[in-house]
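Data block below; observations after.
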Amino acid sequence: MVALSCRDWRSSAARHLRCASPLHGIALIITLLFLATVISLAIVGYQYQKLLDATVASTTARKDFTTFPARKAAICLTPGCAKAAARIIEAIDPTTDPCTDFYKFACGQWIQSLPLSSPSLSSLLFTFQRQSIPEDKGAVTKFSLLQNELDAKLRTIVENPIDLSKDPPHVIQLKTYYHSCMNISVLEMLGQRPLRRVLRNLGGWPVLEGSKWKGSSSFDWLQALIKFRKLGFSHNIIFGLYVITDFRNNSKHLINLYEATLGLLDRPHLLKGLSDPVVKGYFKLMTSAAFLLGARKTRQTMRELENVLRFEILLANYTLPREETRNISVFYNEMAVSQLKKLAPTVKWNKFFNSLLVDHIGDDEIINVGMPNFVVRVANLLQTVNKRTLANYMTREKPRWEQCMGSLALSFEYSLSNLYVKNFFDKDSKDSALFLVNYLTNEFLNIIENVDWMDNVTRKRAIDKAKTIVPHIGYPAELMNDTLITDHYKNITMKPDEYFINVMKLKKWSTDYLLGQLRKPNIKGEWKKHADVAVVNAFYNSIENSIEFPAGILQGPFFSKGRPNYLNFGAIGFVIGHEITHGFDDQGRQFDRDGNNKNWWEHETDVRFKEKTECIMHQYGNYVVPEINIRLNGINTQGENIADNGGIKEAFWAYQRWVKHNGPESALPGLKYTPNQLFFISAANVWCAKSRPETKRLIAISGSHSPAPYRVIGPMSNMLEFAQQFNCPIGSPMNPEHKCSVW
């Protein structure tokens, strides 16, 4: 989810220094420095608490509240607690009333510390938290900052010279590819020649060729598509063609014919046409690329590129709006190839499938046509569209030149993950994280047992599904086997001075691998499906009914064994609960315990679930992002909002159960918040983010996640327990009288 980049950042590898001074002298200095830090935190925290005392409402908590009462706690003085306290003090804005805007309270100073311009050197000295938004990024989040830190660590390994005697073959290939990407002198010497050579092999880009282009009458879009596929270009330009797991019978794979991948992925903007500012920017990008490759700056060139954009807008009109994609079953339309020929007879489907796929496809092959209307309308459009426009549209879909580390993550993800786990991951974190997963799963089971809107038959099925969720934590054991990783990449040979060719080889190899799964059985839990772990993210897989927490997220602000558990339950616990709940959101609930798209809900409970979901959609649909004055899309975001609301409850009650079993924990130095309050602060800190206005607009209009503030405000304002912990009066923004709850 998080984009990788290859910026010129400095190595952060630790240096071990040998000292001649006595060990007890070093220990004394370290102890004095640590005590000075704790005292400083205490002083700063006292000042913060004075401000906080002036802002927190003074209503009395409910008498029937069953969490453990606040009392004067001991202070934790370990290095882990000191570091955690410093992070919180850096983030919170104690001048904001937590009952008015808990997101601003929890993240206010962190956001203020992030300039939109380049950061100063002093802002980078203490932590990675004080960085600017990079010029090529729309936002900075806790996730992206931790990913940057992870990438910087990996870079110290990848940039080491190739050692033929020690490096496994897969690492040699990875380093060769990376070095070809970083060889600026060769790239500058070659310039655009490799790409121009490829374009000529494809028959030329009309906008470059001008009157010399020979395809006005002979251009064949399917023949061009076949060439693209063989060279490693995207083949999903006109129709989307994939091999997927059959979501009605997940033991096998299935050909999926779907809508095309658009150049500008944001459909709502495309539908607004050429007057939309984002579309204008996209058109400017198209023209700049054409001019860079040698197109003449003429009115004819601009007209041609406008026609290309109008064609893409037509395709966008044929795609479904995101709001209509929530019901998975509408995308399951099996038919034989012979039936597809009758549905869209103008396309040479046998040639299409047999030239693009790996396996032979006959007329009796059963395929899934995910969007029949799109297929029919595009097939008809291909009969009437100007061939020059079509050639311009297809040929300008050139591969993106990803920056080096990002490109590695897309192509050599298993090798990178292998190196990350071997060199940087604390293996003991797997057991600690599994311990949290078990606590959260038990709390979700308690929620299912106690919801009052579910009939007993559906409840039993829901419990059965929750109990069979499979956790994948950290990394699969096979990832440590260099022989297995090398075997996966055995058909790839990278060359040190041919980055462009390397990119095309990898893209073709990757497409061959994915499309080559058609005749192979789908094996649930196969290690390769869970081996891309050098990422800061988490996942729920509805077809496997599994949750995944890669090694990359089990660190930093999300998880640490050296700090109190209220922080871990609040941060990674919130994320764990979120992923568990995804199995029971508006889309996850469409899959049974075995991961098949089957309805297991009794009618009355199905109706009541939708009523509960309507409340969530209405709540979030009424949030207005103030900087851009746009309402959120409560339909597009409902799945993520349901998961957020369930996740925070599961995490909170799981922590209460942990305290019941283990006793109360110590507070943090310099902060006078109770453990339960720190739980919520830690949970909110996960979503601290700063975004450009353009990014906020895109997220609000078409994002599947709510903007960061509402991932805190929404779930916590729906929790009575939150209001009780911060003494929020009824009717305050964080304690509204009417609350929404699904799980």
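The way I read the labels, and the way they are meant: chains A, B, ... in the order of the structure tokens, residue 1 as the first residue of every chain, and ligand 1 as the first ligand shown, with later ones counted on from there.
Residue neighbourhood of range 453-458 of chain A, excluding near-sequence residues (fewer than 4 positions): A:Ala462, A:Trp600, A:Trp601, A:Glu602, A:Glu604, A:Thr605, A:Arg608, A:Phe609, at 8 Å, using only C-alpha atoms.
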Writing out the chosen residues with C-alpha atoms as a short mmCIF file (atom, residue, chain, number, x, y, z; two decimals), in the first residue's frame:
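So again-v6.cif came out as:
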data_model
loop_
_atom_site.label_atom_id
_atom_site.label_comp_id
_atom_site.auth_asym_id
_atom_site.auth_seq_id
_atom_site.Cartn_x
_atom_site.Cartn_y
_atom_site.Cartn_z
CA ALA A 462 -20.22 -16.32 12.34
CA TRP A 600 -24.57 -17.82 5.01
CA TRP A 601 -26.86 -15.16 6.49
CA GLU A 602 -30.48 -15.75 7.49
CA GLU A 604 -33.82 -11.29 9.03
CA THR A 605 -30.24 -10.93 10.25
CA ARG A 608 -30.61 -5.94 10.34
CA PHE A 609 -26.94 -5.95 9.35
#
List every residue of range 189-392 of chain A that DSSP, applied to the backbone, labels as strand (DSSP E or B), and write the result as a count of residues only. 19
If we count only C-alpha atoms, what is near range 691-697 of chain A at a cut-off of 12 Å, once residues fewer than 2 positions away on the same chain are taken out, given as a JSON list (two decimals) with N, CA and C atoms, in the first residue's frame?
[["chain", "number", "residue", "atom", "x", "y", "z"],
["A", 111, "ILE", "N", 1.49, 16.92, 13.44],
["A", 111, "ILE", "CA", 1.10, 17.49, 12.15],
["A", 111, "ILE", "C", 1.75, 18.85, 11.95],
["A", 112, "GLN", "N", 1.74, 19.68, 13.00],
["A", 112, "GLN", "CA", 2.33, 21.01, 12.90],
["A", 112, "GLN", "C", 3.82, 20.95, 12.61],
["A", 114, "LEU", "N", 5.31, 19.07, 10.59],
["A", 114, "LEU", "CA", 5.59, 18.63, 9.23],
["A", 114, "LEU", "C", 5.37, 19.77, 8.24],
["A", 115, "PRO", "N", 6.42, 20.39, 7.75],
["A", 115, "PRO", "CA", 6.24, 21.43, 6.74],
["A", 115, "PRO", "C", 5.91, 20.82, 5.39],
["A", 116, "LEU", "N", 5.30, 21.61, 4.51],
["A", 116, "LEU", "CA", 5.02, 21.14, 3.15],
["A", 116, "LEU", "C", 6.26, 21.25, 2.27],
["A", 117, "SER", "N", 7.25, 22.03, 2.73],
["A", 117, "SER", "CA", 8.49, 22.18, 1.96],
["A", 117, "SER", "C", 9.53, 21.20, 2.46],
["A", 132, "SER", "N", 9.26, 16.49, 6.08],
["A", 132, "SER", "CA", 8.32, 17.19, 5.21],
["A", 132, "SER", "C", 7.63, 16.18, 4.31],
["A", 133, "ILE", "N", 6.59, 16.65, 3.62],
["A", 133, "ILE", "CA", 5.97, 15.81, 2.59],
["A", 133, "ILE", "C", 6.87, 15.88, 1.36],
["A", 134, "PRO", "N", 7.42, 14.76, 0.92],
["A", 134, "PRO", "CA", 8.28, 14.80, -0.28],
["A", 134, "PRO", "C", 7.52, 15.38, -1.48],
["A", 135, "GLU", "N", 8.26, 16.00, -2.39],
["A", 135, "GLU", "CA", 7.63, 16.66, -3.52],
["A", 135, "GLU", "C", 6.83, 15.70, -4.39],
["A", 136, "ASP", "N", 7.25, 14.40, -4.42],
["A", 136, "ASP", "CA", 6.56, 13.44, -5.27],
["A", 136, "ASP", "C", 5.50, 12.65, -4.52],
["A", 137, "LYS", "N", 5.16, 13.07, -3.30],
["A", 137, "LYS", "CA", 4.17, 12.35, -2.50],
["A", 137, "LYS", "C", 3.04, 13.29, -2.10],
["A", 138, "GLY", "N", 1.86, 12.71, -1.92],
["A", 138, "GLY", "CA", 0.71, 13.51, -1.54],
["A", 138, "GLY", "C", 0.49, 13.61, -0.06],
["A", 139, "ALA", "N", 1.19, 12.74, 0.71],
["A", 139, "ALA", "CA", 0.95, 12.71, 2.15],
["A", 139, "ALA", "C", 2.13, 12.07, 2.86],
["A", 140, "VAL", "N", 2.22, 12.34, 4.16],
["A", 140, "VAL", "CA", 3.15, 11.64, 5.04],
["A", 140, "VAL", "C", 2.33, 11.05, 6.18],
["A", 141, "THR", "N", 2.52, 9.77, 6.45],
["A", 141, "THR", "CA", 1.78, 9.08, 7.50],
["A", 141, "THR", "C", 2.75, 8.31, 8.38],
["A", 144, "SER", "N", 3.99, 5.52, 6.20],
["A", 144, "SER", "CA", 5.00, 5.85, 5.18],
["A", 144, "SER", "C", 6.35, 6.15, 5.81],
["A", 266, "ASP", "N", -8.35, 7.50, -11.25],
["A", 266, "ASP", "CA", -9.46, 8.11, -10.55],
["A", 266, "ASP", "C", -10.62, 8.38, -11.50],
["A", 268, "PRO", "N", -13.87, 9.29, -11.06],
["A", 268, "PRO", "CA", -14.71, 10.48, -10.93],
["A", 268, "PRO", "C", -14.14, 11.71, -11.63],
["A", 269, "HIS", "N", -12.82, 11.87, -11.58],
["A", 269, "HIS", "CA", -12.22, 13.03, -12.25],
["A", 269, "HIS", "C", -12.34, 12.90, -13.77],
["A", 277, "PRO", "N", -9.52, 20.12, -13.12],
["A", 277, "PRO", "CA", -8.12, 20.46, -12.88],
["A", 277, "PRO", "C", -7.19, 19.24, -12.87],
["A", 278, "VAL", "N", -7.66, 18.13, -12.29],
["A", 278, "VAL", "CA", -6.82, 16.93, -12.24],
["A", 278, "VAL", "C", -6.64, 16.36, -13.65],
["A", 281, "GLY", "N", -4.15, 18.38, -15.46],
["A", 281, "GLY", "CA", -2.79, 18.01, -15.06],
["A", 281, "GLY", "C", -2.34, 16.72, -15.72],
["A", 624, "VAL", "N", -17.57, 16.41, 6.81],
["A", 624, "VAL", "CA", -17.10, 17.33, 5.77],
["A", 624, "VAL", "C", -15.64, 17.66, 6.05],
["A", 625, "VAL", "N", -14.78, 17.44, 5.05],
["A", 625, "VAL", "CA", -13.36, 17.79, 5.20],
["A", 625, "VAL", "C", -13.26, 19.31, 5.07],
["A", 626, "PRO", "N", -12.92, 20.01, 6.16],
["A", 626, "PRO", "CA", -13.06, 21.47, 6.15],
["A", 626, "PRO", "C", -12.17, 22.19, 5.15],
["A", 627, "GLU", "N", -10.93, 21.71, 4.95],
["A", 627, "GLU", "CA", -10.01, 22.42, 4.06],
["A", 627, "GLU", "C", -10.49, 22.45, 2.60],
["A", 628, "ILE", "N", -11.29, 21.44, 2.22],
["A", 628, "ILE", "CA", -11.72, 21.36, 0.82],
["A", 628, "ILE", "C", -13.25, 21.40, 0.69],
["A", 629, "ASN", "N", -13.94, 21.42, 1.84],
["A", 629, "ASN", "CA", -15.41, 21.52, 1.89],
["A", 629, "ASN", "C", -16.09, 20.43, 1.06],
["A", 630, "ILE", "N", -15.64, 19.20, 1.25],
["A", 630, "ILE", "CA", -16.21, 18.06, 0.54],
["A", 630, "ILE", "C", -16.64, 17.01, 1.56],
["A", 631, "ARG", "N", -17.84, 16.45, 1.35],
["A", 631, "ARG", "CA", -18.32, 15.38, 2.22],
["A", 631, "ARG", "C", -17.63, 14.07, 1.86],
["A", 632, "LEU", "N", -17.44, 13.21, 2.86],
["A", 632, "LEU", "CA", -16.88, 11.89, 2.60],
["A", 632, "LEU", "C", -17.90, 11.04, 1.86],
["A", 633, "ASN", "N", -17.40, 10.02, 1.18],
["A", 633, "ASN", "CA", -18.27, 9.07, 0.50],
["A", 633, "ASN", "C", -18.51, 7.89, 1.45],
["A", 687, "TRP", "N", -2.79, 6.80, 13.18],
["A", 687, "TRP", "CA", -3.36, 7.43, 11.99],
["A", 687, "TRP", "C", -2.90, 8.87, 11.80],
["A", 688, "CYS", "N", -1.92, 9.34, 12.59],
["A", 688, "CYS", "CA", -1.40, 10.69, 12.38],
["A", 688, "CYS", "C", -0.90, 10.82, 10.94],
["A", 689, "ALA", "N", -1.33, 11.86, 10.25],
["A", 689, "ALA", "CA", -0.95, 12.04, 8.85],
["A", 689, "ALA", "C", -1.07, 13.51, 8.48],
["A", 699, "ILE", "N", -8.94, 11.40, -1.79],
["A", 699, "ILE", "CA", -9.37, 10.43, -0.79],
["A", 699, "ILE", "C", -10.84, 10.61, -0.46],
["A", 700, "ALA", "N", -11.27, 11.86, -0.30],
["A", 700, "ALA", "CA", -12.66, 12.13, 0.06],
["A", 700, "ALA", "C", -13.63, 11.70, -1.03],
["A", 701, "ILE", "N", -13.24, 11.91, -2.28],
["A", 701, "ILE", "CA", -14.15, 11.63, -3.39],
["A", 701, "ILE", "C", -14.20, 10.14, -3.73],
["A", 702, "SER", "N", -13.04, 9.49, -3.79],
["A", 702, "SER", "CA", -13.05, 8.12, -4.33],
["A", 702, "SER", "C", -12.25, 7.12, -3.50],
["A", 703, "GLY", "N", -11.72, 7.51, -2.37],
["A", 703, "GLY", "CA", -10.93, 6.58, -1.56],
["A", 703, "GLY", "C", -11.79, 5.52, -0.90],
["A", 705, "HIS", "N", -10.71, 4.24, 2.00],
["A", 705, "HIS", "CA", -10.50, 4.55, 3.42],
["A", 705, "HIS", "C", -10.94, 5.98, 3.69],
["A", 706, "SER", "N", -11.47, 6.22, 4.87],
["A", 706, "SER", "CA", -11.76, 7.59, 5.27],
["A", 706, "SER", "C", -10.46, 8.35, 5.50],
["A", 707, "PRO", "N", -10.45, 9.67, 5.34],
["A", 707, "PRO", "CA", -9.25, 10.45, 5.67],
["A", 707, "PRO", "C", -8.87, 10.22, 7.13],
["A", 708, "ALA", "N", -7.58, 10.38, 7.42],
["A", 708, "ALA", "CA", -7.03, 10.02, 8.73],
["A", 708, "ALA", "C", -7.82, 10.57, 9.92],
["A", 709, "PRO", "N", -8.22, 11.84, 9.95],
["A", 709, "PRO", "CA", -8.93, 12.32, 11.16],
["A", 709, "PRO", "C", -10.17, 11.52, 11.50]]
Using only C-alpha atoms, which protein or nucleic acid residues come within 9 Å of range 341-355 of chain A? Drop anything in the same chain fewer than 2 positions from it, and give the result as a compact mmCIF listing (two decimals) with N, CA and C atoms, in the first residue's frame.
# COMPACT_ATOMS: atom_id res chain seq x y z
N LEU A 222 -5.43 -5.84 -31.69
CA LEU A 222 -5.13 -7.11 -31.05
C LEU A 222 -3.69 -7.54 -31.34
N GLN A 223 -3.25 -7.35 -32.57
CA GLN A 223 -1.88 -7.69 -32.90
C GLN A 223 -0.90 -6.81 -32.12
N LEU A 225 -1.53 -5.53 -29.18
CA LEU A 225 -1.60 -5.99 -27.80
C LEU A 225 -0.73 -7.22 -27.58
N ILE A 226 -0.71 -8.12 -28.55
CA ILE A 226 0.11 -9.33 -28.46
C ILE A 226 1.59 -8.95 -28.40
N ARG A 229 2.42 -7.63 -24.92
CA ARG A 229 2.53 -8.73 -23.94
C ARG A 229 3.88 -9.43 -24.05
N LEU A 241 -7.34 -8.70 -18.31
CA LEU A 241 -7.28 -10.16 -18.38
C LEU A 241 -6.41 -10.67 -17.25
N ALA A 336 -18.82 -20.06 -21.19
CA ALA A 336 -17.80 -20.65 -22.07
C ALA A 336 -17.33 -19.60 -23.07
N VAL A 337 -16.15 -19.82 -23.61
CA VAL A 337 -15.62 -18.90 -24.63
C VAL A 337 -16.60 -18.83 -25.81
N SER A 338 -17.23 -19.95 -26.12
CA SER A 338 -18.20 -19.96 -27.23
C SER A 338 -19.36 -19.01 -26.95
N GLN A 339 -19.77 -18.88 -25.68
CA GLN A 339 -20.83 -17.94 -25.33
C GLN A 339 -20.34 -16.50 -25.42
N LEU A 357 -2.42 -15.54 -22.78
CA LEU A 357 -2.28 -16.47 -21.66
C LEU A 357 -1.18 -17.48 -21.93
N VAL A 358 -0.85 -18.25 -20.91
CA VAL A 358 0.20 -19.27 -21.02
C VAL A 358 -0.36 -20.59 -21.52
N ASP A 359 -1.56 -20.96 -21.04
CA ASP A 359 -2.17 -22.24 -21.39
C ASP A 359 -3.10 -22.10 -22.60
N HIS A 360 -3.32 -23.22 -23.30
CA HIS A 360 -4.21 -23.22 -24.46
C HIS A 360 -5.66 -23.12 -23.99
N ILE A 361 -6.42 -22.31 -24.71
CA ILE A 361 -7.82 -22.05 -24.36
C ILE A 361 -8.70 -22.43 -25.56
N GLY A 362 -9.66 -23.33 -25.31
CA GLY A 362 -10.59 -23.74 -26.35
C GLY A 362 -11.95 -23.11 -26.17
N ASP A 363 -12.86 -23.39 -27.10
CA ASP A 363 -14.19 -22.80 -27.05
C ASP A 363 -14.99 -23.23 -25.83
N PRO A 372 -19.80 -7.85 -17.99
CA PRO A 372 -20.27 -8.11 -19.36
C PRO A 372 -20.59 -6.84 -20.13
N VAL A 375 -17.49 -5.22 -21.53
CA VAL A 375 -16.95 -5.98 -22.66
C VAL A 375 -17.73 -5.69 -23.94
N VAL A 376 -19.04 -5.69 -23.86
CA VAL A 376 -19.87 -5.46 -25.05
C VAL A 376 -19.67 -4.04 -25.58
N ARG A 377 -19.68 -3.06 -24.69
CA ARG A 377 -19.58 -1.66 -25.14
C ARG A 377 -18.21 -1.35 -25.73
N ALA A 379 -16.15 -3.60 -27.10
CA ALA A 379 -16.06 -4.33 -28.36
C ALA A 379 -16.71 -3.53 -29.49
N ASN A 380 -17.85 -2.91 -29.20
CA ASN A 380 -18.53 -2.07 -30.21
C ASN A 380 -17.72 -0.80 -30.49
N LEU A 382 -14.53 -0.42 -30.41
CA LEU A 382 -13.35 -0.74 -31.22
C LEU A 382 -13.67 -0.76 -32.71
N GLN A 383 -14.93 -0.95 -33.05
CA GLN A 383 -15.33 -0.98 -34.45
C GLN A 383 -15.41 0.42 -35.06
Non-local contacts of Asp592 in chain A (9 Å; only C-alpha atoms; under 6 positions in same chain excluded) as a PyMOL selection string
chain A and resi 461-462+465+542-543+545+598-600
- Item | DSSP alpha helix (DSSP H) residues within range 422-569 of chain A, listed as an MDAnalysis selection string | chainID A and resid 422:424 429:450 456:467 482:488 499:515 565:569
- For range 407-417 of chain A, list every protein, DNA or RNA residue within 9 Å, evaluated using only C-alpha atoms, and leave out those in the same chain fewer than 2 positions away; present the list as a VMD selection string. chain A and resid 4 to 6 154 158 170 to 171 173 to 174 177 to 178 181 401 to 405 419 to 422 475 479 482 485 to 486 488 to 489 503 506 to 507 510 528 531 to 535 551
Of A:Lys529, A:Tyr258, A:Phe591, A:Gly552, the one nearest to Leu146 in chain A when counting only C-alpha atoms is A:Gly552
Env of Asn442 in chain A: 12 Å cut, atoms = only C-alpha atoms, seq-sep filter 5 positions within chain, self excluded. Answer as a compact mmCIF listing (two decimals) with N, CA and C atoms, in the first residue's frame.
# COMPACT_ATOMS: atom_id res chain seq x y z
N PHE A 435 0.27 -13.64 20.36
CA PHE A 435 -0.38 -13.50 21.67
C PHE A 435 -1.47 -12.42 21.59
N LEU A 436 -1.16 -11.29 20.93
CA LEU A 436 -2.14 -10.22 20.78
C LEU A 436 -3.29 -10.65 19.87
N VAL A 437 -2.96 -11.34 18.78
CA VAL A 437 -4.00 -11.82 17.86
C VAL A 437 -4.99 -12.72 18.59
N ILE A 447 -17.98 -10.40 21.13
CA ILE A 447 -18.90 -9.44 20.50
C ILE A 447 -19.98 -10.18 19.71
N ILE A 448 -19.57 -11.18 18.94
CA ILE A 448 -20.56 -11.96 18.17
C ILE A 448 -21.58 -12.60 19.11
N GLU A 449 -21.09 -13.12 20.22
CA GLU A 449 -21.98 -13.78 21.19
C GLU A 449 -23.03 -12.82 21.75
N ILE A 463 -19.49 -17.37 14.40
CA ILE A 463 -18.49 -17.85 15.38
C ILE A 463 -17.57 -18.86 14.71
N ALA A 466 -15.13 -17.00 12.50
CA ALA A 466 -14.13 -16.27 13.29
C ALA A 466 -13.09 -17.22 13.88
N LYS A 467 -13.53 -18.39 14.31
CA LYS A 467 -12.60 -19.35 14.91
C LYS A 467 -11.65 -19.96 13.88
N ILE A 469 -10.34 -18.26 11.29
CA ILE A 469 -9.43 -17.28 10.69
C ILE A 469 -7.99 -17.72 10.96
N GLY A 577 -7.47 -5.83 15.21
CA GLY A 577 -8.93 -5.87 15.28
C GLY A 577 -9.57 -5.42 13.98
N ILE A 580 -9.36 -8.39 11.53
CA ILE A 580 -10.32 -9.43 11.91
C ILE A 580 -11.74 -9.04 11.49
N GLU A 650 -12.57 -4.17 19.90
CA GLU A 650 -11.91 -5.44 20.21
C GLU A 650 -10.59 -5.20 20.94
N ALA A 651 -9.83 -4.21 20.49
CA ALA A 651 -8.54 -3.92 21.11
C ALA A 651 -8.71 -3.43 22.54
N TRP A 653 -11.28 -3.91 24.70
CA TRP A 653 -11.74 -4.94 25.63
C TRP A 653 -10.73 -6.07 25.77
N ALA A 654 -9.93 -6.30 24.75
CA ALA A 654 -8.85 -7.28 24.89
C ALA A 654 -7.84 -6.80 25.91
N TYR A 655 -7.55 -5.50 25.91
CA TYR A 655 -6.61 -4.98 26.92
C TYR A 655 -7.21 -5.08 28.31
N ARG A 657 -9.18 -7.33 29.40
CA ARG A 657 -9.05 -8.73 29.80
C ARG A 657 -7.60 -9.04 30.19
N TRP A 658 -6.65 -8.46 29.45
CA TRP A 658 -5.23 -8.69 29.78
C TRP A 658 -4.93 -8.15 31.18
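Closest to Gln638 in chain A among A:Lys175, A:His661, A:Arg193, A:His618 is A:His618, based on only C-alpha atoms.
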Using only C-alpha atoms, the best pick from A:Val712, A:Leu305, A:Leu518, A:Ile547 as closest to Arg388 in chain A would be A:Leu305
